[in-house]
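Asker: Please find structure37.pdb (PDB, C-alpha atoms) on the next line:
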```pdb
ATOM      1  CA  MET A   1     -67.476  22.431  -8.316
ATOM      2  CA  HIS A   2     -66.491  20.737 -11.566
ATOM      3  CA  ALA A   3     -69.217  19.535 -13.911
ATOM      4  CA  ALA A   4     -68.422  15.863 -13.286
ATOM      5  CA  ALA A   5     -68.631  16.346  -9.528
ATOM      6  CA  ALA A   6     -71.890  18.257  -9.866
ATOM      7  CA  THR A   7     -73.343  15.461 -11.989
ATOM      8  CA  SER A   8     -72.264  12.846  -9.442
ATOM      9  CA  ALA A   9     -73.789  14.838  -6.576
ATOM     10  CA  ARG A  10     -77.081  15.379  -8.408
ATOM     11  CA  ARG A  11     -77.271  11.733  -9.430
ATOM     12  CA  LEU A  12     -77.062  10.684  -5.787
ATOM     13  CA  ILE A  13     -79.583  13.334  -4.662
ATOM     14  CA  ASP A  14     -82.066  12.091  -7.257
ATOM     15  CA  ALA A  15     -81.562   8.447  -6.253
ATOM     16  CA  VAL A  16     -82.311   8.620  -2.522
ATOM     17  CA  PRO A  17     -84.901  10.252  -0.223
ATOM     18  CA  VAL A  18     -83.757  13.768   0.747
ATOM     19  CA  TRP A  19     -85.327  15.620   3.681
ATOM     20  CA  ASP A  20     -84.770  19.152   4.994
ATOM     21  CA  HIS A  21     -85.858  18.827   8.602
ATOM     22  CA  HIS A  22     -86.493  22.523   9.259
ATOM     23  CA  ALA A  23     -87.464  25.527   7.133
ATOM     24  CA  CYS A  24     -89.329  28.738   7.939
ATOM     25  CA  MET A  25     -92.121  30.266   5.910
ATOM     26  CA  PRO A  26     -93.688  33.580   7.026
ATOM     27  CA  LEU A  27     -95.905  33.134  10.069
ATOM     28  CA  ARG A  28     -98.845  35.039   8.615
ATOM     29  CA  PRO A  29    -101.847  32.723   8.339
ATOM     30  CA  ASN A  30    -103.786  34.942   5.940
ATOM     31  CA  ASP A  31    -100.863  35.606   3.606
ATOM     32  CA  PRO A  32     -99.879  32.611   1.447
ATOM     33  CA  SER A  33     -97.843  34.720  -0.980
ATOM     34  CA  PHE A  34     -94.498  33.109  -0.076
ATOM     35  CA  LEU A  35     -95.711  29.509  -0.076
ATOM     36  CA  PRO A  36     -95.189  28.860  -3.818
ATOM     37  CA  ARG A  37     -91.479  29.358  -3.117
ATOM     38  CA  LEU A  38     -91.489  25.891  -1.553
ATOM     39  CA  ALA A  39     -90.970  24.771  -5.136
ATOM     40  CA  ARG A  40     -87.336  25.801  -4.613
ATOM     41  CA  HIS A  41     -86.897  22.839  -2.279
ATOM     42  CA  LYS A  42     -88.225  20.387  -4.842
ATOM     43  CA  ALA A  43     -86.105  21.890  -7.615
ATOM     44  CA  ALA A  44     -83.010  21.599  -5.421
ATOM     45  CA  GLY A  45     -83.646  17.877  -4.950
ATOM     46  CA  PHE A  46     -85.527  17.679  -1.672
ATOM     47  CA  ASP A  47     -88.367  15.189  -1.370
ATOM     48  CA  ALA A  48     -89.556  16.361   2.052
ATOM     49  CA  VAL A  49     -89.406  19.494   4.163
ATOM     50  CA  THR A  50     -90.542  20.210   7.707
ATOM     51  CA  LEU A  51     -91.936  23.725   8.215
ATOM     52  CA  ASN A  52     -92.311  25.470  11.555
ATOM     53  CA  VAL A  53     -95.782  26.717  12.501
ATOM     54  CA  GLY A  54     -94.649  29.003  15.316
ATOM     55  CA  PHE A  55     -91.831  29.728  17.731
ATOM     56  CA  GLY A  56     -90.656  31.406  20.879
ATOM     57  CA  GLU A  57     -93.090  33.734  22.572
ATOM     58  CA  GLN A  58     -96.067  32.828  20.357
ATOM     59  CA  GLY A  59     -98.948  31.030  22.080
ATOM     60  CA  PRO A  60    -101.441  28.305  21.156
ATOM     61  CA  GLU A  61    -103.761  30.450  19.040
ATOM     62  CA  GLN A  62    -100.976  31.709  16.787
ATOM     63  CA  HIS A  63     -99.613  28.192  16.302
ATOM     64  CA  LEU A  64    -102.990  26.679  15.515
ATOM     65  CA  ARG A  65    -103.933  29.407  13.037
ATOM     66  CA  MET A  66    -100.647  28.978  11.187
ATOM     67  CA  LEU A  67    -100.893  25.198  11.202
ATOM     68  CA  ALA A  68    -104.399  25.375   9.755
ATOM     69  CA  ALA A  69    -103.253  27.750   7.017
ATOM     70  CA  LEU A  70    -100.289  25.600   5.962
ATOM     71  CA  ARG A  71    -102.295  22.370   6.017
ATOM     72  CA  HIS A  72    -105.032  23.931   3.889
ATOM     73  CA  TRP A  73    -102.563  25.285   1.337
ATOM     74  CA  VAL A  74    -100.817  21.912   0.978
ATOM     75  CA  LEU A  75    -104.049  19.910   0.778
ATOM     76  CA  MET A  76    -105.373  22.196  -1.961
ATOM     77  CA  ARG A  77    -102.383  21.274  -4.187
ATOM     78  CA  PRO A  78    -102.324  17.457  -4.250
ATOM     79  CA  ASP A  79    -100.468  17.309  -7.578
ATOM     80  CA  GLU A  80     -97.471  19.164  -6.134
ATOM     81  CA  TYR A  81     -97.493  18.514  -2.392
ATOM     82  CA  LEU A  82     -98.262  15.775   0.095
ATOM     83  CA  LEU A  83     -98.879  16.107   3.832
ATOM     84  CA  LEU A  84     -96.077  14.326   5.682
ATOM     85  CA  LEU A  85     -97.937  12.202   8.231
ATOM     86  CA  GLN A  86     -96.111   8.879   8.101
ATOM     87  CA  PRO A  87     -92.570   7.836   7.093
ATOM     88  CA  GLU A  88     -93.790   6.258   3.852
ATOM     89  CA  ASP A  89     -94.945   9.685   2.636
ATOM     90  CA  VAL A  90     -91.345  10.736   1.955
ATOM     91  CA  GLU A  91     -90.769   7.914  -0.515
ATOM     92  CA  CYS A  92     -94.260   8.410  -1.957
ATOM     93  CA  ALA A  93     -93.483  12.069  -2.646
ATOM     94  CA  ARG A  94     -90.167  11.155  -4.279
ATOM     95  CA  ARG A  95     -91.762   8.488  -6.435
ATOM     96  CA  THR A  96     -94.585  10.780  -7.607
ATOM     97  CA  GLY A  97     -92.514  13.934  -8.129
ATOM     98  CA  ARG A  98     -94.083  15.843  -5.246
ATOM     99  CA  LEU A  99     -92.783  17.482  -2.072
ATOM    100  CA  ALA A 100     -93.861  16.041   1.276
ATOM    101  CA  VAL A 101     -94.543  18.812   3.811
ATOM    102  CA  GLY A 102     -94.538  18.212   7.556
ATOM    103  CA  PHE A 103     -94.656  20.565  10.527
ATOM    104  CA  ASP A 104     -92.712  21.407  13.658
ATOM    105  CA  ILE A 105     -93.046  23.695  16.661
ATOM    106  CA  GLU A 106     -90.198  25.740  18.109
ATOM    107  CA  GLY A 107     -90.938  25.858  21.811
ATOM    108  CA  ALA A 108     -93.487  24.502  24.259
ATOM    109  CA  ASN A 109     -95.191  27.893  24.628
ATOM    110  CA  ALA A 110     -97.348  26.430  21.845
ATOM    111  CA  ILE A 111     -99.153  24.300  24.429
ATOM    112  CA  GLY A 112     -99.343  26.890  27.206
ATOM    113  CA  ASP A 113    -100.262  24.908  30.316
ATOM    114  CA  GLN A 114    -102.341  22.312  28.433
ATOM    115  CA  LEU A 115    -100.722  18.910  27.845
ATOM    116  CA  SER A 116    -103.658  17.682  25.762
ATOM    117  CA  LEU A 117    -102.695  20.049  22.938
ATOM    118  CA  ILE A 118     -99.715  17.793  22.168
ATOM    119  CA  GLN A 119    -101.969  15.026  20.866
ATOM    120  CA  MET A 120    -103.962  17.497  18.775
ATOM    121  CA  TYR A 121    -100.858  19.016  17.204
ATOM    122  CA  TYR A 122     -99.583  15.538  16.414
ATOM    123  CA  ASP A 123    -102.850  14.506  14.787
ATOM    124  CA  LEU A 124    -102.636  17.628  12.604
ATOM    125  CA  GLY A 125     -99.125  16.779  11.394
ATOM    126  CA  VAL A 126     -96.633  18.252  13.891
ATOM    127  CA  ARG A 127     -93.870  15.670  14.192
ATOM    128  CA  TRP A 128     -91.371  17.394  16.457
ATOM    129  CA  MET A 129     -91.425  20.133  19.075
ATOM    130  CA  LEU A 130     -88.475  21.722  20.797
ATOM    131  CA  LEU A 131     -88.895  22.512  24.463
ATOM    132  CA  ALA A 132     -87.567  26.041  25.092
ATOM    133  CA  TYR A 133     -86.716  28.683  22.504
ATOM    134  CA  ASN A 134     -83.571  30.508  23.738
ATOM    135  CA  VAL A 135     -85.159  31.646  27.022
ATOM    136  CA  PRO A 136     -86.835  29.783  29.922
ATOM    137  CA  ASN A 137     -90.490  28.741  29.875
ATOM    138  CA  ARG A 138     -92.763  26.380  31.829
ATOM    139  CA  VAL A 139     -90.855  23.366  30.555
ATOM    140  CA  GLY A 140     -87.224  24.308  31.191
ATOM    141  CA  GLY A 141     -84.317  26.578  30.414
ATOM    142  CA  GLY A 142     -83.234  28.136  27.137
ATOM    143  CA  CYS A 143     -79.778  28.143  25.624
ATOM    144  CA  GLN A 144     -79.417  31.933  25.975
ATOM    145  CA  GLY A 145     -81.103  32.469  29.328
ATOM    146  CA  ASP A 146     -81.261  31.025  32.799
ATOM    147  CA  ASP A 147     -81.301  27.257  32.851
ATOM    148  CA  ASP A 148     -82.497  25.638  36.061
ATOM    149  CA  GLY A 149     -83.167  22.373  34.296
ATOM    150  CA  LEU A 150     -86.281  20.482  33.286
ATOM    151  CA  THR A 151     -89.358  21.335  35.374
ATOM    152  CA  ASP A 152     -91.978  18.911  36.634
ATOM    153  CA  PHE A 153     -94.268  20.179  33.887
ATOM    154  CA  GLY A 154     -91.420  19.608  31.435
ATOM    155  CA  ARG A 155     -91.158  15.986  32.511
ATOM    156  CA  ALA A 156     -94.862  15.581  31.863
ATOM    157  CA  VAL A 157     -94.444  17.188  28.426
ATOM    158  CA  VAL A 158     -91.638  14.775  27.477
ATOM    159  CA  ALA A 159     -93.698  11.796  28.616
ATOM    160  CA  GLU A 160     -96.758  12.935  26.659
ATOM    161  CA  MET A 161     -94.717  13.621  23.516
ATOM    162  CA  GLU A 162     -93.265  10.120  23.700
ATOM    163  CA  ARG A 163     -96.726   8.667  24.262
ATOM    164  CA  VAL A 164     -98.282  10.258  21.176
ATOM    165  CA  GLY A 165     -95.231   9.766  18.934
ATOM    166  CA  MET A 166     -93.977  13.348  18.668
ATOM    167  CA  GLN A 167     -90.198  13.677  18.459
ATOM    168  CA  VAL A 168     -88.635  15.486  21.436
ATOM    169  CA  CYS A 169     -86.258  18.199  20.170
ATOM    170  CA  LEU A 170     -83.554  19.938  22.214
ATOM    171  CA  SER A 171     -82.430  22.682  19.817
ATOM    172  CA  HIS A 172     -82.604  26.188  21.347
ATOM    173  CA  THR A 173     -82.901  24.474  24.750
ATOM    174  CA  GLY A 174     -80.537  25.054  27.664
ATOM    175  CA  HIS A 175     -77.799  22.467  28.019
ATOM    176  CA  ARG A 176     -78.738  21.551  31.580
ATOM    177  CA  THR A 177     -82.346  21.054  30.533
ATOM    178  CA  ALA A 178     -81.155  19.019  27.539
ATOM    179  CA  ARG A 179     -79.138  16.731  29.814
ATOM    180  CA  ASP A 180     -82.162  16.317  32.091
ATOM    181  CA  VAL A 181     -84.251  15.247  29.092
ATOM    182  CA  LEU A 182     -81.613  12.812  27.886
ATOM    183  CA  ALA A 183     -81.554  11.288  31.370
ATOM    184  CA  ILE A 184     -85.268  10.441  31.313
ATOM    185  CA  ALA A 185     -85.997   9.889  27.608
ATOM    186  CA  THR A 186     -87.108   6.399  26.678
ATOM    187  CA  LYS A 187     -86.965   7.099  22.928
ATOM    188  CA  PRO A 188     -84.324   8.801  20.748
ATOM    189  CA  VAL A 189     -84.327  12.601  20.900
ATOM    190  CA  ILE A 190     -83.078  15.089  18.344
ATOM    191  CA  PHE A 191     -81.261  18.353  18.135
ATOM    192  CA  SER A 192     -83.291  19.199  15.052
ATOM    193  CA  HIS A 193     -81.162  22.154  13.925
ATOM    194  CA  SER A 194     -78.087  22.683  16.111
ATOM    195  CA  ASN A 195     -74.493  23.226  15.055
ATOM    196  CA  CYS A 196     -71.180  22.324  16.665
ATOM    197  CA  ALA A 197     -69.775  24.472  19.482
ATOM    198  CA  ALA A 198     -66.365  22.915  18.869
ATOM    199  CA  LEU A 199     -66.252  24.652  15.479
ATOM    200  CA  HIS A 200     -67.878  27.931  16.510
ATOM    201  CA  ALA A 201     -68.621  29.030  20.062
ATOM    202  CA  HIS A 202     -72.178  30.333  20.333
ATOM    203  CA  PRO A 203     -74.868  29.595  22.944
ATOM    204  CA  ARG A 204     -77.077  28.141  20.193
ATOM    205  CA  ASN A 205     -74.442  25.560  19.282
ATOM    206  CA  ILE A 206     -74.005  22.343  21.237
ATOM    207  CA  PRO A 207     -70.899  20.800  22.814
ATOM    208  CA  ASP A 208     -69.476  17.448  21.811
ATOM    209  CA  ASP A 209     -70.733  15.673  24.939
ATOM    210  CA  LEU A 210     -74.353  16.454  24.027
ATOM    211  CA  ILE A 211     -73.765  15.248  20.467
ATOM    212  CA  ARG A 212     -72.311  11.997  21.808
ATOM    213  CA  GLN A 213     -75.120  11.455  24.304
ATOM    214  CA  CYS A 214     -77.799  12.172  21.707
ATOM    215  CA  ALA A 215     -76.206   9.655  19.345
ATOM    216  CA  ALA A 216     -75.678   7.048  22.081
ATOM    217  CA  GLN A 217     -79.438   7.034  22.634
ATOM    218  CA  GLY A 218     -80.160   6.660  18.925
ATOM    219  CA  GLY A 219     -80.828  10.315  18.164
ATOM    220  CA  VAL A 220     -79.821  12.652  15.347
ATOM    221  CA  VAL A 221     -78.291  16.136  15.146
ATOM    222  CA  GLY A 222     -79.564  18.259  12.253
ATOM    223  CA  ILE A 223     -77.118  20.869  10.972
ATOM    224  CA  ASN A 224     -78.590  24.294  10.258
ATOM    225  CA  GLY A 225     -77.415  26.783   7.675
ATOM    226  CA  VAL A 226     -77.548  29.968   9.771
ATOM    227  CA  GLY A 227     -74.404  31.993   9.124
ATOM    228  CA  ILE A 228     -73.895  33.268  12.664
ATOM    229  CA  PHE A 229     -74.061  29.708  14.008
ATOM    230  CA  LEU A 230     -71.835  28.246  11.300
ATOM    231  CA  GLY A 231     -69.272  30.948  12.137
ATOM    232  CA  ARG A 232     -68.716  34.619  11.250
ATOM    233  CA  ASN A 233     -71.929  34.705   9.210
ATOM    234  CA  ASP A 234     -70.293  32.359   6.717
ATOM    235  CA  ILE A 235     -72.742  30.424   4.551
ATOM    236  CA  ALA A 236     -70.257  28.717   2.231
ATOM    237  CA  SER A 237     -71.198  25.146   1.364
ATOM    238  CA  GLU A 238     -67.825  23.938   2.635
ATOM    239  CA  THR A 239     -68.406  25.631   6.002
ATOM    240  CA  TYR A 240     -71.745  23.863   6.301
ATOM    241  CA  ALA A 241     -70.122  20.570   5.336
ATOM    242  CA  ARG A 242     -67.518  21.005   8.094
ATOM    243  CA  HIS A 243     -70.247  20.975  10.742
ATOM    244  CA  VAL A 244     -71.742  17.847   9.179
ATOM    245  CA  ASP A 245     -68.317  16.230   9.115
ATOM    246  CA  HIS A 246     -67.602  17.142  12.738
ATOM    247  CA  VAL A 247     -70.661  15.185  13.864
ATOM    248  CA  VAL A 248     -69.711  12.283  11.609
ATOM    249  CA  GLN A 249     -66.175  12.177  13.022
ATOM    250  CA  LEU A 250     -67.602  12.153  16.567
ATOM    251  CA  VAL A 251     -70.449   9.671  16.276
ATOM    252  CA  GLY A 252     -70.612   8.337  12.726
ATOM    253  CA  PRO A 253     -72.784   9.108   9.689
ATOM    254  CA  THR A 254     -75.987   7.621  11.122
ATOM    255  CA  HIS A 255     -76.557  10.466  13.591
ATOM    256  CA  VAL A 256     -76.551  13.593  11.439
ATOM    257  CA  ALA A 257     -79.100  15.207   9.119
ATOM    258  CA  VAL A 258     -79.848  18.289   7.023
ATOM    259  CA  ALA A 259     -81.995  20.995   8.658
ATOM    260  CA  LEU A 260     -81.172  24.235   6.869
ATOM    261  CA  ASP A 261     -83.453  26.520   8.924
ATOM    262  CA  TYR A 262     -83.817  28.577   5.762
ATOM    263  CA  VAL A 263     -85.992  31.665   6.300
ATOM    264  CA  PHE A 264     -87.910  32.681   3.201
ATOM    265  CA  ASP A 265     -88.991  36.148   4.378
ATOM    266  CA  LEU A 266     -85.977  38.005   5.757
ATOM    267  CA  ASN A 267     -87.960  41.174   6.390
ATOM    268  CA  GLU A 268     -90.288  39.338   8.759
ATOM    269  CA  LEU A 269     -87.287  37.821  10.530
ATOM    270  CA  GLU A 270     -85.655  41.208  11.027
ATOM    271  CA  GLU A 271     -88.909  42.532  12.498
ATOM    272  CA  GLN A 272     -89.085  39.600  14.909
ATOM    273  CA  VAL A 273     -85.478  40.081  15.999
ATOM    274  CA  GLN A 274     -86.195  43.730  16.792
ATOM    275  CA  LYS A 275     -89.450  42.955  18.583
ATOM    276  CA  MET A 276     -88.222  40.005  20.670
ATOM    277  CA  ARG A 277     -85.138  41.492  22.253
ATOM    278  CA  ALA A 278     -85.095  38.994  25.121
ATOM    279  CA  THR A 279     -85.130  36.134  22.639
ATOM    280  CA  PHE A 280     -82.584  37.726  20.280
ATOM    281  CA  PRO A 281     -80.354  39.886  22.525
ATOM    282  CA  PRO A 282     -77.580  42.096  21.141
ATOM    283  CA  GLY A 283     -74.036  40.813  21.261
ATOM    284  CA  LEU A 284     -74.743  37.310  19.925
ATOM    285  CA  GLY A 285     -74.523  38.133  16.235
ATOM    286  CA  TYR A 286     -78.190  38.698  15.429
ATOM    287  CA  GLU A 287     -77.427  42.321  14.627
ATOM    288  CA  LEU A 288     -75.132  41.224  11.766
ATOM    289  CA  GLY A 289     -78.090  40.489   9.529
ATOM    290  CA  ALA A 290     -79.439  37.057   8.725
ATOM    291  CA  ARG A 291     -77.638  34.910   6.165
ATOM    292  CA  PHE A 292     -78.654  31.336   5.409
ATOM    293  CA  VAL A 293     -77.414  28.389   3.407
ATOM    294  CA  ALA A 294     -80.006  28.132   0.628
ATOM    295  CA  PRO A 295     -81.753  24.957  -0.525
ATOM    296  CA  GLU A 296     -80.004  25.379  -3.871
ATOM    297  CA  GLN A 297     -76.638  24.701  -2.167
ATOM    298  CA  LEU A 298     -77.552  21.068  -1.531
ATOM    299  CA  GLU A 299     -75.725  19.862  -4.626
ATOM    300  CA  GLN A 300     -72.573  21.731  -3.632
ATOM    301  CA  ILE A 301     -72.702  20.392  -0.074
ATOM    302  CA  VAL A 302     -73.012  16.822  -1.326
ATOM    303  CA  GLY A 303     -70.190  17.463  -3.782
ATOM    304  CA  VAL A 304     -67.916  18.722  -1.008
ATOM    305  CA  LEU A 305     -68.618  15.636   1.102
ATOM    306  CA  GLN A 306     -68.049  13.365  -1.880
ATOM    307  CA  GLY A 307     -64.723  15.115  -2.412
ATOM    308  CA  TRP A 308     -63.819  14.317   1.175
ATOM    309  CA  GLY A 309     -64.374  10.629   0.514
ATOM    310  CA  TYR A 310     -67.902  10.120   1.787
ATOM    311  CA  ARG A 311     -69.487   6.908   0.520
ATOM    312  CA  ASP A 312     -72.877   6.952  -1.171
ATOM    313  CA  GLU A 313     -74.501   4.923   1.627
ATOM    314  CA  ASP A 314     -73.295   7.392   4.250
ATOM    315  CA  LEU A 315     -74.533  10.347   2.215
ATOM    316  CA  ALA A 316     -77.881   8.618   1.732
ATOM    317  CA  ALA A 317     -78.141   8.247   5.508
ATOM    318  CA  LEU A 318     -77.464  11.896   6.298
ATOM    319  CA  LEU A 319     -79.602  13.200   3.438
ATOM    320  CA  GLY A 320     -82.746  11.453   4.633
ATOM    321  CA  GLY A 321     -82.186   7.908   5.800
ATOM    322  CA  ASN A 322     -81.403   8.827   9.394
ATOM    323  CA  LEU A 323     -84.566  10.895   9.743
ATOM    324  CA  LEU A 324     -86.642   8.120   8.208
ATOM    325  CA  ARG A 325     -85.177   5.644  10.702
ATOM    326  CA  LEU A 326     -86.174   7.941  13.566
ATOM    327  CA  ALA A 327     -89.649   8.492  12.164
ATOM    328  CA  ARG A 328     -90.189   4.738  11.965
ATOM    329  CA  THR A 329     -88.956   4.388  15.540
ATOM    330  CA  VAL A 330     -90.855   7.250  17.224
ATOM    331  CA  TRP A 331     -93.900   8.245  15.184
ATOM    332  CA  LYS A 332     -97.241   6.571  15.762
ATOM    333  CA  ALA A 333    -100.420   6.437  13.717
ATOM    334  CA  PRO A 334    -102.551   9.517  14.521
ATOM    335  CA  ALA A 335    -105.310   8.910  17.016
ATOM    336  CA  HIS A 336    -108.880   8.583  15.767
ATOM    337  CA  GLY A 337    -112.086   9.062  17.707
TER     338      GLY A 337
END
```
Any chance you could give the structure as structure tokens?

Answerer:
Amino acid sequence: MHAAAATSARRLIDAVPVWDHHACMPLRPNDPSFLPRLARHKAAGFDAVTLNVGFGEQGPEQHLRMLAALRHWVLMRPDEYLLLLQPEDVECARRTGRLAVGFDIEGANAIGDQLSLIQMYYDLGVRWMLLAYNVPNRVGGGCQGDDDGLTDFGRAVVAEMERVGMQVCLSHTGHRTARDVLAIATKPVIFSHSNCAALHAHPRNIPDDLIRQCAAQGGVVGINGVGIFLGRNDIASETYARHVDHVVQLVGPTHVAVALDYVFDLNELEEQVQKMRATFPPGLGYELGARFVAPEQLEQIVGVLQGWGYRDEDLAALLGGNLLRLARTVWKAPAHG
């Protein structure tokens, strides 16, 4: 990217709220050694980041321990970080030179069979939860396993998430289950970090009809930076931008967002892939080795989109404005006793 283009991209990034809707720190509650690397997000131009506190086969205890650890670490550093609890926190972080940090959950195994945990997670800062992580659970089907659709318990989960203000996410979820959710949802839902099947066929990617239906109901598709989902383990900024552009061409710039899914500890990820063979089966590219679009590529991605003729207002929407609109629509003030 030429210097003038880089300057133009950085100028825009610095002028508007920028939010990475999904990133992955190590899930080791007593090991904060990687957490200072969150500074990479701020240096790259992000004002907010949503971190996962657990995924897949992990149960309530593991999620709660990790959530407590991340909250404590953020709260102990008020000059650098801000807990992301309400939409205004993103702009507050930008204005004060900090990074707003929110939380997400990848799969309803985090609540076990206990609906009341949803409210507690929300009160502690979890703002979205996806329903099934690749394989079926109590709620519904996964995108890489059997998918018999949304269960009765799943319907209760969706209703409770909407009640408390937690965003319903359909990434990693089976397509039949996703369609069942879209049929009953009364608020916009998200595919927090799902790429386009039309550009690269993979069970984790979503077809155009789901993108259209999500957008028609006011939702947003976040584009992840995982090489095997972008295509052929390609993490070029232009490849990432193509997935963004595909969503824009389908449904417009107000229904797409950035959700890099960047994993900071690749060794931990490789261990999890080996351990959870049902969740990460061979033959789907996981054995190729994980490659991710890095936070530092944000400037290049914006520059590519600017080169394709994207207007500043459309870039501002996809960089953070769309997620802020959803947060204002769905989130509620945390409950107090």

Asker: By how many Å are CA of Ala39 in chain A and CA of Ser237 in chain A apart?

Answerer: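 Result for CA of Ala39 in chain A versus CA of Ser237 in chain A: 20.8 Å, one decimal.
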
Asker: Can you pull out every residue within 12 Å of Val251 in chain A, counting only C-alpha atoms, but drop anything in the same chain fewer than 2 positions away, and send it as number ranges by chain?

Answerer: A: 208-221, 244-249, 253-256

Asker: How would the residues just chosen look if you wrote them out with C-alpha atoms as a PDB file, in the coordinates of the input?

Answerer:
```
ATOM      1  CA  ASP A 208     -69.476  17.448  21.811  1.00  0.00           C
ATOM      2  CA  ASP A 209     -70.733  15.673  24.939  1.00  0.00           C
ATOM      3  CA  LEU A 210     -74.353  16.454  24.027  1.00  0.00           C
ATOM      4  CA  ILE A 211     -73.765  15.248  20.467  1.00  0.00           C
ATOM      5  CA  ARG A 212     -72.311  11.997  21.808  1.00  0.00           C
ATOM      6  CA  GLN A 213     -75.120  11.455  24.304  1.00  0.00           C
ATOM      7  CA  CYS A 214     -77.799  12.172  21.707  1.00  0.00           C
ATOM      8  CA  ALA A 215     -76.206   9.655  19.345  1.00  0.00           C
ATOM      9  CA  ALA A 216     -75.678   7.048  22.081  1.00  0.00           C
ATOM     10  CA  GLN A 217     -79.438   7.034  22.634  1.00  0.00           C
ATOM     11  CA  GLY A 218     -80.160   6.660  18.925  1.00  0.00           C
ATOM     12  CA  GLY A 219     -80.828  10.315  18.164  1.00  0.00           C
ATOM     13  CA  VAL A 220     -79.821  12.652  15.347  1.00  0.00           C
ATOM     14  CA  VAL A 221     -78.291  16.136  15.146  1.00  0.00           C
ATOM     15  CA  VAL A 244     -71.742  17.847   9.179  1.00  0.00           C
ATOM     16  CA  ASP A 245     -68.317  16.230   9.115  1.00  0.00           C
ATOM     17  CA  HIS A 246     -67.602  17.142  12.738  1.00  0.00           C
ATOM     18  CA  VAL A 247     -70.661  15.185  13.864  1.00  0.00           C
ATOM     19  CA  VAL A 248     -69.711  12.283  11.609  1.00  0.00           C
ATOM     20  CA  GLN A 249     -66.175  12.177  13.022  1.00  0.00           C
ATOM     21  CA  PRO A 253     -72.784   9.108   9.689  1.00  0.00           C
ATOM     22  CA  THR A 254     -75.987   7.621  11.122  1.00  0.00           C
ATOM     23  CA  HIS A 255     -76.557  10.466  13.591  1.00  0.00           C
ATOM     24  CA  VAL A 256     -76.551  13.593  11.439  1.00  0.00           C
TER      25      VAL A 256
END
```

Asker: Which value, in Å to one decimal, gives the distance between CA of Ile223 in chain A and CA of Ala327 in chain A?

Answerer: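 Spanning CA of Ile223 in chain A to CA of Ala327 in chain A is a straight-line distance of 17.7 Å.
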
Asker: Translate the PyMOL selection byres ((chain A and resi 227) around 10) into a concrete residue list for this structure, as a list in words.

Answerer: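 Expected selection for the PyMOL selection byres ((chain A and resi 227) around 10) here is Asn224, Gly225, Val226, Ile228, Phe229, Leu230, Gly231, Arg232, Asn233, Asp234, Ile235, Ala236, Thr239, Tyr240, Gly285, Tyr286, Leu288, Gly289, Ala290, Arg291, Phe292 and Val293 of chain A.
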
Asker: Selected by the PyMOL selection byres ((chain A and resi 105) around 7) in the shown coordinates: which residues, as a list of chain:residue names?

Answerer: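 What the PyMOL selection byres ((chain A and resi 105) around 7) grabs from the file is A:Asn52, A:Val53, A:Gly54, A:Phe55, A:Asp104, A:Glu106, A:Gly107, A:Trp128, A:Met129, A:Leu130.
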
Asker: Between CA of Val164 in chain A and CA of Leu67 in chain A, what distance in Å does the model show, to one decimal?

Answerer: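 If I compute the distance from CA of Val164 in chain A to CA of Leu67 in chain A, I get 18.2 Å.
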
Asker: Apply the PyMOL selection byres ((chain A and resi 309-324) around 6) to the file shown and report the selected residues as a PyMOL selection string.

Answerer: chain A and resi 17-19+253-254+256-257+305-308+325-327

Asker: For Asn267 in chain A, find every residue with an atom within 12 Å (counting all atoms listed in the file), except residues of its own chain fewer than 2 positions away, and show them as a PDB file with C-alpha atoms, in the frame of the given file.

Answerer:
```
ATOM      1  CA  MET A  25     -92.121  30.266   5.910  1.00  0.00           C
ATOM      2  CA  PRO A  26     -93.688  33.580   7.026  1.00  0.00           C
ATOM      3  CA  LEU A  27     -95.905  33.134  10.069  1.00  0.00           C
ATOM      4  CA  VAL A 263     -85.992  31.665   6.300  1.00  0.00           C
ATOM      5  CA  PHE A 264     -87.910  32.681   3.201  1.00  0.00           C
ATOM      6  CA  ASP A 265     -88.991  36.148   4.378  1.00  0.00           C
ATOM      7  CA  LEU A 269     -87.287  37.821  10.530  1.00  0.00           C
ATOM      8  CA  GLU A 270     -85.655  41.208  11.027  1.00  0.00           C
ATOM      9  CA  GLU A 271     -88.909  42.532  12.498  1.00  0.00           C
ATOM     10  CA  GLN A 272     -89.085  39.600  14.909  1.00  0.00           C
ATOM     11  CA  VAL A 273     -85.478  40.081  15.999  1.00  0.00           C
ATOM     12  CA  GLN A 274     -86.195  43.730  16.792  1.00  0.00           C
ATOM     13  CA  GLY A 289     -78.090  40.489   9.529  1.00  0.00           C
ATOM     14  CA  ALA A 290     -79.439  37.057   8.725  1.00  0.00           C
TER      15      ALA A 290
END
```

Asker: Give me, as number ranges by chain, all polymer residues having an atom no more than 9 Å from Leu83 in chain A, counting all atoms listed in the file and skipping those fewer than 2 positions away in the same chain.

Answerer: A: 71, 74-75, 78, 81, 85-86, 89, 99-102, 125

Asker: Do you know which residues are at most 10 Å from Pro60 in chain A counting all atoms listed in the file, after dropping those on the same chain fewer than 4 positions away, and could you put them as a list in words?

Answerer: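 Counting all atoms listed in the file, the residues come to Gly54, Leu64, Arg65, Ala108, Asn109, Ala110, Ile111, Gly112, Asp113, Gln114 and Leu117 of chain A.
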
Asker: In terms of the shortest atom-to-atom distance over only C-alpha atoms, which of A:Gly45, A:Gly222, A:Pro29, A:Pro282 is closest to Ala9 in chain A?

Answerer: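 Ranking A:Gly45, A:Gly222, A:Pro29, A:Pro282 by distance to Ala9 in chain A, first place goes to A:Gly45.
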
Asker: Rank A:Ala132, A:Val139, A:Leu182, A:Leu284 by their smallest atom-to-atom distance to His202 in chain A, using all atoms listed in the file, and report the top residue only.

Answerer: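 Of all the options, A:Leu284 lies closest to His202 in chain A.
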